[in-house]
Amino acid sequence: KYFVNQLEQKHFEYDLGSEKVLRDIGSVADGKLVVGKRSYQLVVIPEEMENIDQNTFDLLKKFLSEGGKILSFRNEIERLDGQMNNQVAELQKSYPEQWMLAGSIDDDAVTSVFKTDGFAITNISENKEFFHQRRILNDGQLLFVVNTNVSDQASAKIQARGKSVVKIDLFTGEQNLVPFEKDGRDIQFEIALQPVGSALYYISDR
């Protein structure tokens, strides 16, 4: 939970991986880890992960052999299927450029790896209880932002790929255009949330 909170505070976007789901519908294709209809070029290992299932290990081995990348916050994983085993450590040593180690979520290398083309949030107020969720649609994207702090406001600048943006009232459904600046293929706009406030934006490709 602590590691996930750190990712959220940095506004890094991610999906949580389940080893059971990987066993049931996981595969590797074209250097990507495929899970159902989604595919990933990067796998993140938290510091607390001490064990890897054999099936996950086999997938990661193929993933690395096809050019995939792993970002690990743990120096060495000692167990395979619950037993002490050096196979994970040997795999890590075999791909030193693809199996990247990070000491902290604040490392510049971590920020670089998580950087998303066409989307960025700058947390102007440095409020660590300001979070977001984003959903990609066929004609744009939905951005939900929330400030869970009970006393402090939150303000931020949003940069996103799109041509216009509207704010949707969460109670009435009313839509209002939001002022923005154009930056090449992206737009930039500022938001402000009251304590325990939230807002929904639709960033359109039109």
# chains A, B, ... in the order shown; residues from 1 in each chain; ligands from 1
$ residues_around --residues "stretch 166-181 of chain A" --least-positions-apart "5" --cutoff "10 Å" --atoms "only C-alpha atoms" --output "MDAnalysis selection string"
chainID A and resid 142:144 158:159 186:191 198:204
$ residues_around --residues "stretch 41-46 of chain A" --least-positions-apart "5" --cutoff "10 Å" --atoms "only C-alpha atoms" --output "PyMOL selection string"
chain A and resi 3-4+14-17+30-34+60+63-64+67-75+77+98-102+113-114
$ write_last_selection --atoms "N, CA, C and O atoms" --output "compact mmCIF listing (two decimals), in the first residue's frame"
# COMPACT_ATOMS: atom_id res chain seq x y z
N PHE A 3 3.89 1.68 -1.21
CA PHE A 3 4.52 1.87 -2.52
C PHE A 3 3.50 2.42 -3.52
O PHE A 3 3.81 3.32 -4.30
N VAL A 4 2.27 1.90 -3.48
CA VAL A 4 1.23 2.40 -4.38
C VAL A 4 0.93 3.86 -4.09
O VAL A 4 0.76 4.67 -5.01
N TYR A 14 -0.05 3.39 -13.78
CA TYR A 14 0.35 1.99 -13.69
C TYR A 14 -0.88 1.10 -13.64
O TYR A 14 -2.00 1.56 -13.41
N ASP A 15 -0.68 -0.18 -13.85
CA ASP A 15 -1.68 -1.21 -13.58
C ASP A 15 -1.06 -2.19 -12.59
O ASP A 15 0.14 -2.49 -12.69
N LEU A 16 -1.85 -2.67 -11.64
CA LEU A 16 -1.36 -3.67 -10.69
C LEU A 16 -1.37 -5.05 -11.34
O LEU A 16 -2.31 -5.41 -12.05
N GLY A 17 -0.31 -5.81 -11.11
CA GLY A 17 -0.19 -7.13 -11.71
C GLY A 17 -0.47 -8.24 -10.69
O GLY A 17 0.01 -8.18 -9.56
N ASP A 30 6.39 -9.93 -29.05
CA ASP A 30 7.06 -8.75 -29.60
C ASP A 30 7.70 -7.89 -28.52
O ASP A 30 7.63 -6.65 -28.55
N GLY A 31 8.30 -8.53 -27.53
CA GLY A 31 9.00 -7.79 -26.49
C GLY A 31 8.09 -7.13 -25.47
O GLY A 31 8.53 -6.27 -24.70
N LYS A 32 6.81 -7.54 -25.43
CA LYS A 32 5.87 -6.96 -24.49
C LYS A 32 5.22 -8.06 -23.66
O LYS A 32 5.01 -9.17 -24.14
N LEU A 33 4.94 -7.72 -22.40
CA LEU A 33 4.20 -8.62 -21.54
C LEU A 33 2.72 -8.40 -21.81
O LEU A 33 2.20 -7.29 -21.62
N VAL A 34 2.04 -9.42 -22.29
CA VAL A 34 0.64 -9.30 -22.70
C VAL A 34 -0.26 -9.90 -21.63
O VAL A 34 -0.04 -11.03 -21.18
N LEU A 60 8.91 -13.54 -17.33
CA LEU A 60 9.89 -12.47 -17.28
C LEU A 60 11.16 -12.83 -18.03
O LEU A 60 11.79 -11.97 -18.66
N PHE A 63 10.29 -12.31 -21.57
CA PHE A 63 10.09 -10.86 -21.71
C PHE A 63 11.43 -10.15 -21.86
O PHE A 63 11.61 -9.32 -22.77
N LEU A 64 12.39 -10.48 -21.02
CA LEU A 64 13.72 -9.88 -21.10
C LEU A 64 14.45 -10.30 -22.37
O LEU A 64 15.13 -9.49 -23.01
N GLY A 67 13.63 -8.12 -25.21
CA GLY A 67 13.90 -6.70 -25.10
C GLY A 67 13.10 -5.95 -24.06
O GLY A 67 13.21 -4.72 -23.96
N GLY A 68 12.26 -6.65 -23.30
CA GLY A 68 11.47 -5.99 -22.27
C GLY A 68 12.34 -5.44 -21.15
O GLY A 68 13.50 -5.81 -21.00
N LYS A 69 11.76 -4.54 -20.34
CA LYS A 69 12.51 -3.90 -19.27
C LYS A 69 11.83 -4.10 -17.92
O LYS A 69 10.60 -4.14 -17.83
N ILE A 70 12.65 -4.24 -16.90
CA ILE A 70 12.18 -4.37 -15.52
C ILE A 70 12.80 -3.25 -14.68
O ILE A 70 13.99 -2.98 -14.78
N LEU A 71 11.97 -2.60 -13.89
CA LEU A 71 12.44 -1.61 -12.92
C LEU A 71 12.19 -2.19 -11.54
O LEU A 71 11.05 -2.40 -11.14
N SER A 72 13.26 -2.48 -10.81
CA SER A 72 13.13 -3.13 -9.51
C SER A 72 13.60 -2.22 -8.39
O SER A 72 14.68 -1.62 -8.46
N PHE A 73 12.78 -2.14 -7.34
CA PHE A 73 13.16 -1.40 -6.14
C PHE A 73 13.75 -2.34 -5.10
O PHE A 73 14.04 -1.92 -3.99
N ARG A 74 13.93 -3.60 -5.48
CA ARG A 74 14.55 -4.59 -4.61
C ARG A 74 15.83 -5.08 -5.27
O ARG A 74 15.85 -5.42 -6.45
N ASN A 75 16.91 -5.12 -4.50
CA ASN A 75 18.21 -5.50 -5.07
C ASN A 75 18.24 -6.93 -5.56
O ASN A 75 18.83 -7.24 -6.59
N ILE A 77 15.82 -10.80 -5.49
CA ILE A 77 14.70 -11.64 -5.07
C ILE A 77 15.25 -13.03 -4.79
O ILE A 77 15.79 -13.69 -5.69
N GLN A 98 18.70 -4.05 -18.91
CA GLN A 98 17.24 -4.11 -18.97
C GLN A 98 16.61 -4.27 -17.59
O GLN A 98 15.47 -3.87 -17.39
N TRP A 99 17.36 -4.87 -16.66
CA TRP A 99 16.86 -5.04 -15.28
C TRP A 99 17.44 -3.90 -14.47
O TRP A 99 18.53 -3.97 -13.93
N MET A 100 16.71 -2.81 -14.40
CA MET A 100 17.20 -1.58 -13.77
C MET A 100 16.86 -1.57 -12.28
O MET A 100 15.77 -1.98 -11.88
N LEU A 101 17.81 -1.11 -11.47
CA LEU A 101 17.61 -1.01 -10.03
C LEU A 101 17.41 0.45 -9.64
O LEU A 101 18.07 1.35 -10.16
N ALA A 102 16.48 0.67 -8.72
CA ALA A 102 16.20 2.01 -8.22
C ALA A 102 16.23 2.01 -6.71
O ALA A 102 15.70 1.10 -6.07
N VAL A 113 11.57 6.82 -16.60
CA VAL A 113 10.94 5.58 -17.04
C VAL A 113 9.42 5.69 -17.04
O VAL A 113 8.74 5.17 -17.93
N PHE A 114 8.86 6.39 -16.06
CA PHE A 114 7.42 6.50 -15.93
C PHE A 114 6.83 7.63 -16.78
O PHE A 114 5.61 7.75 -16.87
$ closest_residue --among "A:Lys93, A:Arg206, A:Lys37, A:Lys115" --to "A:Gln141" --atoms "only C-alpha atoms"
A:Arg206
$ select_by_dssp --residues "stretch 48-193 of chain A" --states "helix (DSSP H, G or I)" --output "ChimeraX atom specification"
/A:54-65,87-94,108-114
$ atom_distance --atom1 "atom CA of A:Ser125" --atom2 "atom CA of A:Ala192"
9.3 Å
$ closest_residue --among "A:Glu90, A:Asp205, A:Glu76, A:Asp183" --to "A:Asp139" --atoms "only C-alpha atoms"
A:Asp205
$ closest_residue --among "A:Glu50, A:Met84, A:Ser39, A:Lys10" --to "A:Thr122" --atoms "only C-alpha atoms"
A:Lys10
$ residues_around --residues "A:Ile105" --least-positions-apart "3" --cutoff "8 Å" --atoms "only C-alpha atoms" --output "list in words"
Gln6, Leu7, Ala102, Val110 and Thr111 of chain A
$ write_last_selection --atoms "all heavy atoms" --output "mmCIF file, in the first residue's frame"
data_model
loop_
_atom_site.group_PDB
_atom_site.id
_atom_site.type_symbol
_atom_site.label_atom_id
_atom_site.label_comp_id
_atom_site.auth_asym_id
_atom_site.auth_seq_id
_atom_site.Cartn_x
_atom_site.Cartn_y
_atom_site.Cartn_z
ATOM 1 N N GLN A 6 3.006 6.034 -2.994
ATOM 2 C CA GLN A 6 4.118 6.805 -3.548
ATOM 3 C C GLN A 6 3.931 7.028 -5.046
ATOM 4 O O GLN A 6 4.176 8.131 -5.553
ATOM 5 C CB GLN A 6 5.436 6.081 -3.291
ATOM 6 C CG GLN A 6 5.920 6.139 -1.856
ATOM 7 C CD GLN A 6 7.291 5.499 -1.713
ATOM 8 O OE1 GLN A 6 7.520 4.374 -2.136
ATOM 9 N NE2 GLN A 6 8.208 6.228 -1.115
ATOM 10 N N LEU A 7 3.511 5.984 -5.754
ATOM 11 C CA LEU A 7 3.248 6.124 -7.184
ATOM 12 C C LEU A 7 2.150 7.141 -7.431
ATOM 13 O O LEU A 7 2.245 7.972 -8.355
ATOM 14 C CB LEU A 7 2.850 4.768 -7.778
ATOM 15 C CG LEU A 7 3.893 3.658 -7.792
ATOM 16 C CD1 LEU A 7 3.271 2.371 -8.328
ATOM 17 C CD2 LEU A 7 5.098 4.046 -8.639
ATOM 18 N N ALA A 102 16.479 0.670 -8.719
ATOM 19 C CA ALA A 102 16.197 2.015 -8.224
ATOM 20 C C ALA A 102 16.228 2.007 -6.710
ATOM 21 O O ALA A 102 15.696 1.097 -6.073
ATOM 22 C CB ALA A 102 14.839 2.495 -8.718
ATOM 23 N N VAL A 110 13.803 6.971 -12.344
ATOM 24 C CA VAL A 110 12.444 6.466 -12.171
ATOM 25 C C VAL A 110 11.448 7.392 -12.872
ATOM 26 O O VAL A 110 10.550 6.951 -13.589
ATOM 27 C CB VAL A 110 12.096 6.336 -10.677
ATOM 28 C CG1 VAL A 110 10.629 5.941 -10.492
ATOM 29 C CG2 VAL A 110 13.013 5.320 -10.016
ATOM 30 N N THR A 111 11.611 8.683 -12.669
ATOM 31 C CA THR A 111 10.741 9.654 -13.326
ATOM 32 C C THR A 111 10.818 9.518 -14.832
ATOM 33 O O THR A 111 9.807 9.571 -15.533
ATOM 34 C CB THR A 111 11.131 11.087 -12.915
ATOM 35 O OG1 THR A 111 11.029 11.212 -11.492
ATOM 36 C CG2 THR A 111 10.224 12.113 -13.567
#
$ atom_distance --atom1 "atom CA of A:Gln9" --atom2 "atom CA of A:Val165"
23.7 Å
